[in-house]
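Next comes data-v2.cif, a file with mmCIF, C-alpha atoms.
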```
data_model
#
loop_
_atom_site.group_PDB
_atom_site.id
_atom_site.type_symbol
_atom_site.label_atom_id
_atom_site.label_comp_id
_atom_site.auth_asym_id
_atom_site.auth_seq_id
_atom_site.Cartn_x
_atom_site.Cartn_y
_atom_site.Cartn_z
ATOM 1 C CA MET A 1 11.362 16.530 -20.882
ATOM 2 C CA VAL A 2 13.181 16.129 -17.549
ATOM 3 C CA VAL A 3 11.625 19.315 -16.121
ATOM 4 C CA LEU A 4 8.153 18.220 -17.236
ATOM 5 C CA GLY A 5 8.793 14.780 -15.734
ATOM 6 C CA LYS A 6 9.768 16.277 -12.370
ATOM 7 C CA PHE A 7 6.637 18.426 -12.370
ATOM 8 C CA LEU A 8 4.413 15.424 -13.158
ATOM 9 C CA ALA A 9 6.190 13.311 -10.527
ATOM 10 C CA ALA A 10 5.564 15.974 -7.873
ATOM 11 C CA LEU A 11 1.906 16.269 -8.910
ATOM 12 C CA ILE A 12 1.344 12.485 -8.858
ATOM 13 C CA SER A 13 3.066 12.188 -5.472
ATOM 14 C CA LEU A 14 0.753 14.889 -4.108
ATOM 15 C CA LEU A 15 -2.298 13.019 -5.442
ATOM 16 C CA ILE A 16 -1.121 9.750 -3.841
ATOM 17 C CA LEU A 17 -0.665 11.523 -0.514
ATOM 18 C CA ALA A 18 -4.095 13.187 -0.758
ATOM 19 C CA LEU A 19 -5.910 9.917 -1.533
ATOM 20 C CA THR A 20 -4.051 8.075 1.227
ATOM 21 C CA VAL A 21 -5.003 10.757 3.756
ATOM 22 C CA ARG A 22 -8.621 10.603 2.531
ATOM 23 C CA ILE A 23 -8.753 6.824 3.033
ATOM 24 C CA ILE A 24 -7.412 7.147 6.578
ATOM 25 C CA LEU A 25 -9.834 9.991 7.373
ATOM 26 C CA SER A 26 -12.747 7.840 6.169
ATOM 27 C CA TRP A 27 -12.042 5.498 9.098
ATOM 28 C CA LEU A 28 -12.236 8.300 11.657
ATOM 29 C CA SER A 29 -15.231 10.137 13.054
ATOM 30 C CA LEU A 30 -14.093 13.725 12.754
ATOM 31 C CA PRO A 31 -16.199 16.835 13.404
ATOM 32 C CA HIS A 32 -17.423 18.685 10.332
ATOM 33 C CA SER A 33 -15.186 21.505 9.123
ATOM 34 C CA ARG A 34 -14.968 23.671 6.005
ATOM 35 C CA TRP A 35 -11.417 22.474 5.319
ATOM 36 C CA LEU A 36 -12.445 18.812 5.388
ATOM 37 C CA SER A 37 -15.473 19.486 3.182
ATOM 38 C CA THR A 38 -13.251 21.147 0.579
ATOM 39 C CA PHE A 39 -10.752 18.298 0.774
ATOM 40 C CA TYR A 40 -13.494 15.674 0.383
ATOM 41 C CA ARG A 41 -15.000 17.525 -2.590
ATOM 42 C CA TYR A 42 -11.776 17.063 -4.574
ATOM 43 C CA THR A 43 -10.866 13.523 -3.492
ATOM 44 C CA ASP A 44 -14.224 11.742 -3.165
ATOM 45 C CA PRO A 45 -15.159 11.765 -6.899
ATOM 46 C CA VAL A 46 -12.033 9.702 -7.680
ATOM 47 C CA LEU A 47 -12.688 7.128 -4.959
ATOM 48 C CA ASP A 48 -16.435 7.005 -5.707
ATOM 49 C CA TYR A 49 -15.731 6.259 -9.382
ATOM 50 C CA PHE A 50 -13.664 3.174 -8.533
ATOM 51 C CA ARG A 51 -16.144 2.072 -5.860
ATOM 52 C CA LYS A 52 -18.899 2.158 -8.461
ATOM 53 C CA HIS A 53 -17.126 0.630 -11.484
ATOM 54 C CA PHE A 54 -14.622 -1.710 -9.776
ATOM 55 C CA PRO A 55 -16.293 -3.011 -6.597
ATOM 56 C CA ILE A 56 -13.779 -5.212 -4.783
ATOM 57 C CA ARG A 57 -14.526 -6.174 -1.203
ATOM 58 C CA PHE A 58 -12.929 -8.490 1.362
ATOM 59 C CA GLY A 59 -15.655 -8.867 3.951
ATOM 60 C CA ILE A 60 -16.492 -5.287 4.870
ATOM 61 C CA PHE A 61 -13.136 -3.955 3.651
ATOM 62 C CA ASP A 62 -13.509 -1.945 0.432
ATOM 63 C CA ALA A 63 -10.375 -2.692 -1.612
ATOM 64 C CA SER A 64 -11.530 -0.749 -4.685
ATOM 65 C CA ILE A 65 -10.243 2.468 -3.127
ATOM 66 C CA LEU A 66 -6.692 1.108 -3.460
ATOM 67 C CA ILE A 67 -6.949 0.877 -7.267
ATOM 68 C CA PRO A 68 -6.450 4.604 -8.011
ATOM 69 C CA ILE A 69 -3.445 4.704 -5.685
ATOM 70 C CA ILE A 70 -1.858 1.714 -7.436
ATOM 71 C CA ILE A 71 -2.515 3.344 -10.831
ATOM 72 C CA LEU A 72 -0.890 6.567 -9.604
ATOM 73 C CA MET A 73 2.099 4.614 -8.249
ATOM 74 C CA VAL A 74 2.575 2.954 -11.642
ATOM 75 C CA SER A 75 2.285 6.338 -13.362
ATOM 76 C CA LEU A 76 4.868 7.780 -10.986
ATOM 77 C CA ARG A 77 7.222 4.905 -11.750
ATOM 78 C CA LEU A 78 6.823 5.417 -15.519
ATOM 79 C CA VAL A 79 7.377 9.171 -15.254
ATOM 80 C CA ASN A 80 10.497 8.730 -13.099
ATOM 81 C CA GLU A 81 12.075 6.119 -15.346
ATOM 82 C CA LEU A 82 11.036 7.203 -18.839
ATOM 83 C CA MET A 83 10.925 10.997 -18.523
ATOM 84 C CA ILE A 84 13.379 11.845 -15.737
ATOM 85 C CA MET A 85 15.940 9.014 -15.871
ATOM 86 C CA GLN A 86 15.253 8.386 -19.597
ATOM 87 C CA ARG A 87 15.565 4.660 -19.136
ATOM 88 C CA PRO A 88 15.862 2.551 -22.313
ATOM 89 C CA ILE A 89 12.860 0.311 -23.048
ATOM 90 C CA THR A 90 13.778 -3.354 -23.510
ATOM 91 C CA PRO A 91 11.757 -6.606 -23.747
ATOM 92 C CA PHE A 92 12.537 -7.117 -20.047
ATOM 93 C CA TYR A 93 11.038 -3.769 -19.014
ATOM 94 C CA PRO A 94 7.345 -4.868 -18.957
ATOM 95 C CA ILE A 95 8.260 -7.854 -16.752
ATOM 96 C CA ILE A 96 10.289 -5.679 -14.383
ATOM 97 C CA LEU A 97 7.476 -3.128 -14.284
ATOM 98 C CA PHE A 98 4.876 -5.819 -13.525
ATOM 99 C CA VAL A 99 6.987 -7.266 -10.689
ATOM 100 C CA ASP A 100 7.529 -3.778 -9.264
ATOM 101 C CA ILE A 101 3.808 -3.046 -9.435
ATOM 102 C CA ALA A 102 3.055 -6.273 -7.559
ATOM 103 C CA SER A 103 5.696 -5.376 -4.968
ATOM 104 C CA MET A 104 4.306 -1.856 -4.501
ATOM 105 C CA ALA A 105 0.736 -3.138 -4.176
ATOM 106 C CA LEU A 106 1.779 -5.689 -1.537
ATOM 107 C CA ASP A 107 3.814 -3.063 0.331
ATOM 108 C CA TYR A 108 0.892 -0.665 0.376
ATOM 109 C CA PHE A 109 -1.540 -3.368 1.505
ATOM 110 C CA LEU A 110 0.761 -4.594 4.287
ATOM 111 C CA PHE A 111 1.470 -1.008 5.373
ATOM 112 C CA ILE A 112 -2.279 -0.353 5.682
ATOM 113 C CA CYS A 113 -2.578 -3.568 7.728
ATOM 114 C CA VAL A 114 0.176 -2.407 10.098
ATOM 115 C CA ILE A 115 -1.521 0.963 10.558
ATOM 116 C CA CYS A 116 -4.896 -0.683 11.237
ATOM 117 C CA VAL A 117 -3.527 -3.161 13.794
ATOM 118 C CA ALA A 118 -1.509 -0.365 15.432
ATOM 119 C CA ILE A 119 -4.739 1.655 15.799
ATOM 120 C CA LEU A 120 -6.428 -1.382 17.346
ATOM 121 C CA LEU A 121 -3.536 -1.818 19.782
ATOM 122 C CA LEU A 122 -3.547 1.871 20.693
ATOM 123 C CA PHE A 123 -7.289 1.865 21.421
ATOM 124 C CA ASN A 124 -6.937 -1.384 23.386
ATOM 125 C CA ILE A 125 -4.323 0.261 25.615
ATOM 126 C CA MET A 126 -5.847 3.732 26.016
ATOM 127 C CA SER A 127 -9.610 3.025 26.056
ATOM 128 C CA PRO A 128 -10.327 -0.717 25.934
ATOM 129 C CA ASN A 129 -13.999 -0.400 26.922
ATOM 130 C CA THR A 130 -14.895 2.468 24.612
ATOM 131 C CA TYR A 131 -17.164 1.741 21.629
ATOM 132 C CA HIS A 132 -16.090 3.220 18.315
ATOM 133 C CA PRO A 133 -17.380 2.295 14.823
ATOM 134 C CA LEU A 134 -13.826 2.207 13.499
ATOM 135 C CA MET A 135 -12.812 -0.338 16.136
ATOM 136 C CA THR A 136 -15.801 -2.540 15.298
ATOM 137 C CA THR A 137 -14.830 -2.476 11.626
ATOM 138 C CA LEU A 138 -11.165 -3.231 12.270
ATOM 139 C CA ARG A 139 -11.966 -6.043 14.710
ATOM 140 C CA SER A 140 -14.270 -7.696 12.191
ATOM 141 C CA ILE A 141 -11.336 -7.769 9.755
ATOM 142 C CA PHE A 142 -8.454 -8.761 12.001
ATOM 143 C CA ASP A 143 -10.043 -10.778 14.832
ATOM 144 C CA PRO A 144 -10.219 -13.994 12.725
ATOM 145 C CA TRP A 145 -6.478 -13.743 12.082
ATOM 146 C CA VAL A 146 -5.756 -13.020 15.740
ATOM 147 C CA MET A 147 -7.829 -16.081 16.697
ATOM 148 C CA ARG A 148 -5.641 -18.215 14.412
ATOM 149 C CA LEU A 149 -2.588 -16.769 16.118
ATOM 150 C CA ARG A 150 -4.093 -17.621 19.520
ATOM 151 C CA ARG A 151 -4.432 -21.272 18.491
ATOM 152 C CA ILE A 152 -0.827 -21.394 17.279
ATOM 153 C CA ILE A 153 0.725 -19.475 20.191
ATOM 154 C CA PRO A 154 -1.359 -19.781 23.383
ATOM 155 C CA ILE A 155 -0.592 -16.960 25.832
ATOM 156 C CA ARG A 156 -2.012 -16.781 29.356
ATOM 157 C CA HIS A 157 -1.817 -13.162 30.459
ATOM 158 C CA LYS A 158 -4.303 -10.490 31.504
ATOM 159 C CA HIS A 159 -3.099 -8.350 28.571
ATOM 160 C CA ALA A 160 -3.018 -11.238 26.074
ATOM 161 C CA ASP A 161 -5.084 -9.238 23.546
ATOM 162 C CA ARG A 162 -2.438 -6.520 23.413
ATOM 163 C CA ILE A 163 0.359 -9.063 23.132
ATOM 164 C CA TYR A 164 -1.345 -10.781 20.202
ATOM 165 C CA LEU A 165 -1.869 -7.482 18.417
ATOM 166 C CA GLY A 166 1.805 -6.630 18.937
ATOM 167 C CA LEU A 167 2.801 -10.064 17.628
ATOM 168 C CA PHE A 168 0.543 -9.567 14.628
ATOM 169 C CA ILE A 169 2.341 -6.303 13.778
ATOM 170 C CA VAL A 170 5.719 -8.056 14.091
ATOM 171 C CA ILE A 171 4.536 -10.876 11.797
ATOM 172 C CA ILE A 172 3.348 -8.394 9.155
ATOM 173 C CA LEU A 173 6.670 -6.538 9.301
ATOM 174 C CA LEU A 174 8.550 -9.852 8.955
ATOM 175 C CA LEU A 175 6.381 -10.716 5.936
ATOM 176 C CA MET A 176 7.304 -7.360 4.399
ATOM 177 C CA MET A 177 11.003 -8.084 4.938
ATOM 178 C CA VAL A 178 10.753 -11.570 3.420
ATOM 179 C CA LYS A 179 8.722 -10.246 0.494
ATOM 180 C CA ASN A 180 11.233 -7.455 -0.150
ATOM 181 C CA PHE A 181 14.144 -9.919 -0.051
ATOM 182 C CA ILE A 182 12.491 -12.287 -2.552
ATOM 183 C CA PHE A 183 11.509 -9.459 -4.902
ATOM 184 C CA TYR A 184 14.984 -7.912 -4.585
ATOM 185 C CA ILE A 185 16.661 -11.144 -5.717
ATOM 186 C CA PHE A 186 14.203 -11.607 -8.578
ATOM 187 C CA LEU A 187 14.496 -8.013 -9.783
ATOM 188 C CA ASN A 188 18.297 -8.143 -9.574
ATOM 189 C CA SER A 189 18.260 -11.247 -11.766
ATOM 190 C CA LEU A 190 16.038 -9.510 -14.313
ATOM 191 C CA ALA A 191 18.223 -6.389 -14.195
ATOM 192 C CA GLY A 192 21.284 -8.539 -14.927
ATOM 193 C CA LEU A 193 19.574 -10.160 -17.910
ATOM 194 C CA GLU A 194 18.487 -6.744 -19.147
ATOM 195 C CA ALA A 195 22.019 -5.329 -18.796
ATOM 196 C CA ASN A 196 23.396 -8.242 -20.829
ATOM 197 C CA TYR A 197 20.723 -7.663 -23.475
ATOM 198 C CA ILE A 198 21.560 -3.943 -23.739
ATOM 199 C CA GLU A 199 25.266 -4.735 -23.936
ATOM 200 C CA SER A 200 24.690 -7.280 -26.715
ATOM 201 C CA ILE A 201 22.650 -4.703 -28.657
ATOM 202 C CA ARG A 202 25.455 -2.136 -28.311
ATOM 203 C CA GLN A 203 28.097 -4.602 -29.443
ATOM 204 C CA SER A 204 26.024 -5.627 -32.456
ATOM 205 C CA LYS A 205 26.052 -2.005 -33.647
ATOM 206 C CA PHE A 206 29.829 -1.975 -33.944
#
```
Could you render the structure as structure tokens?
Amino acid sequence: MVVLGKFLAALISLLILALTVRIILSWLSLPHSRWLSTFYRYTDPVLDYFRKHFPIRFGIFDASILIPIIILMVSLRLVNELMIMQRPITPFYPIILFVDIASMALDYFLFICVICVAILLLFNIMSPNTYHPLMTTLRSIFDPWVMRLRRIIPIRHKHADRIYLGLFIVIILLLMMVKNFIFYIFLNSLAGLEANYIESIRQSKF
């Protein structure tokens, strides 16, 4: 069971990596190549299925492509805990699993946001006057948030755009830290309750 679990965990991790790379590549205008065509042929059917049956959009951002990755992350968690670590299932386990899923989804979303804003910042520094479809897409998503930041923190500088993008990255990273701290406390509390429950079950058997 443990060997099978490790094999499944490695396979699921590889699928998560492949889908993540495919999502990032979809934002880039890359020249056609046989390797990319082969890669797209194996990954696109999965993403297309969720685009068709679970259309979730925030403006022009297609969030449905995150669903298969979240499902794979949950599957990886279940395989690691139930097959490899052989964790006991208690009434607290579904709650802990749900909280962990929410934490993973938020982490993944915030990580994607950091990557996107970092790309915007990099293009702003290296080629600020160059048109690129990816930049237009990213600006349509993040410019409203940057405008809110401008109203809160007015900065008068010739490179104010770059400063705001850098601040936006810092704010997202701080949100990730705060989120992780809150979830850590909550999960530790649940783990303590679960440990007491398991201990009470063991004592009742004697």
Quick one: residues within 12 Å of (12.7, -5.6, -18.5) (file frame), counting all atoms listed in the file, please, as a PyMOL selection string.
-> chain A and resi 87-100+186-198
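The residue that comes closest to Tyr164 of chain A, out of A:Tyr184, A:Tyr131, A:Phe142, A:Phe39 and on the basis of only C-alpha atoms, is A:Phe142.
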Given the choices A:Leu66, A:Ile155, A:Cys113, A:Met104, which gets closest to Leu138 of chain A if the distance is worked out from only C-alpha atoms?
-> A:Cys113
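Separating atom CA of Ser13 of chain A from atom CA of Met1 of chain A is a distance of 18.0 Å.
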Expansion of the PyMOL selection byres ((chain A and resi 175) around 12) into residues, as number ranges by chain | A: 106-107, 109-111, 113-114, 168-174, 176-182
In Å, rounded to a single decimal, give me how far atom CA of Ser75 of chain A is from atom CA of Gly5 of chain A.
-> 10.9 Å
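Taking only C-alpha atoms, the non-local environment of segment 77-81 of chain A within 8 Å (same-chain residues fewer than 2 positions away omitted) comprises Gly5, Lys6, Leu8, Ala9, Met73, Val74, Ser75, Met83, Ile84, Met85, Gln86 and Arg87 of chain A.
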With all atoms listed in the file as the basis for distance, which of A:Ile141, A:Leu72, A:Ile163, A:Val21 is at the shortest distance from Arg57 of chain A?
-> A:Ile141
How many Å lie between atom CA of Ser37 of chain A and atom CA of Thr136 of chain A, rounded to one decimal?
-> 25.1 Å
Apply the PyMOL selection byres ((chain A and resi 120) around 9) to the structure shown and report the selected residues as a VMD selection string.
-> chain A and resid 115 to 119 121 to 125 135 138 to 139 162 165
Which is closer to Leu4 of chain A than all the others in A:Ile112, A:Asp161, A:Leu82, A:Ser140, using only C-alpha atoms?
->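 With only C-alpha atoms as the atom set, the closest residue is A:Leu82.
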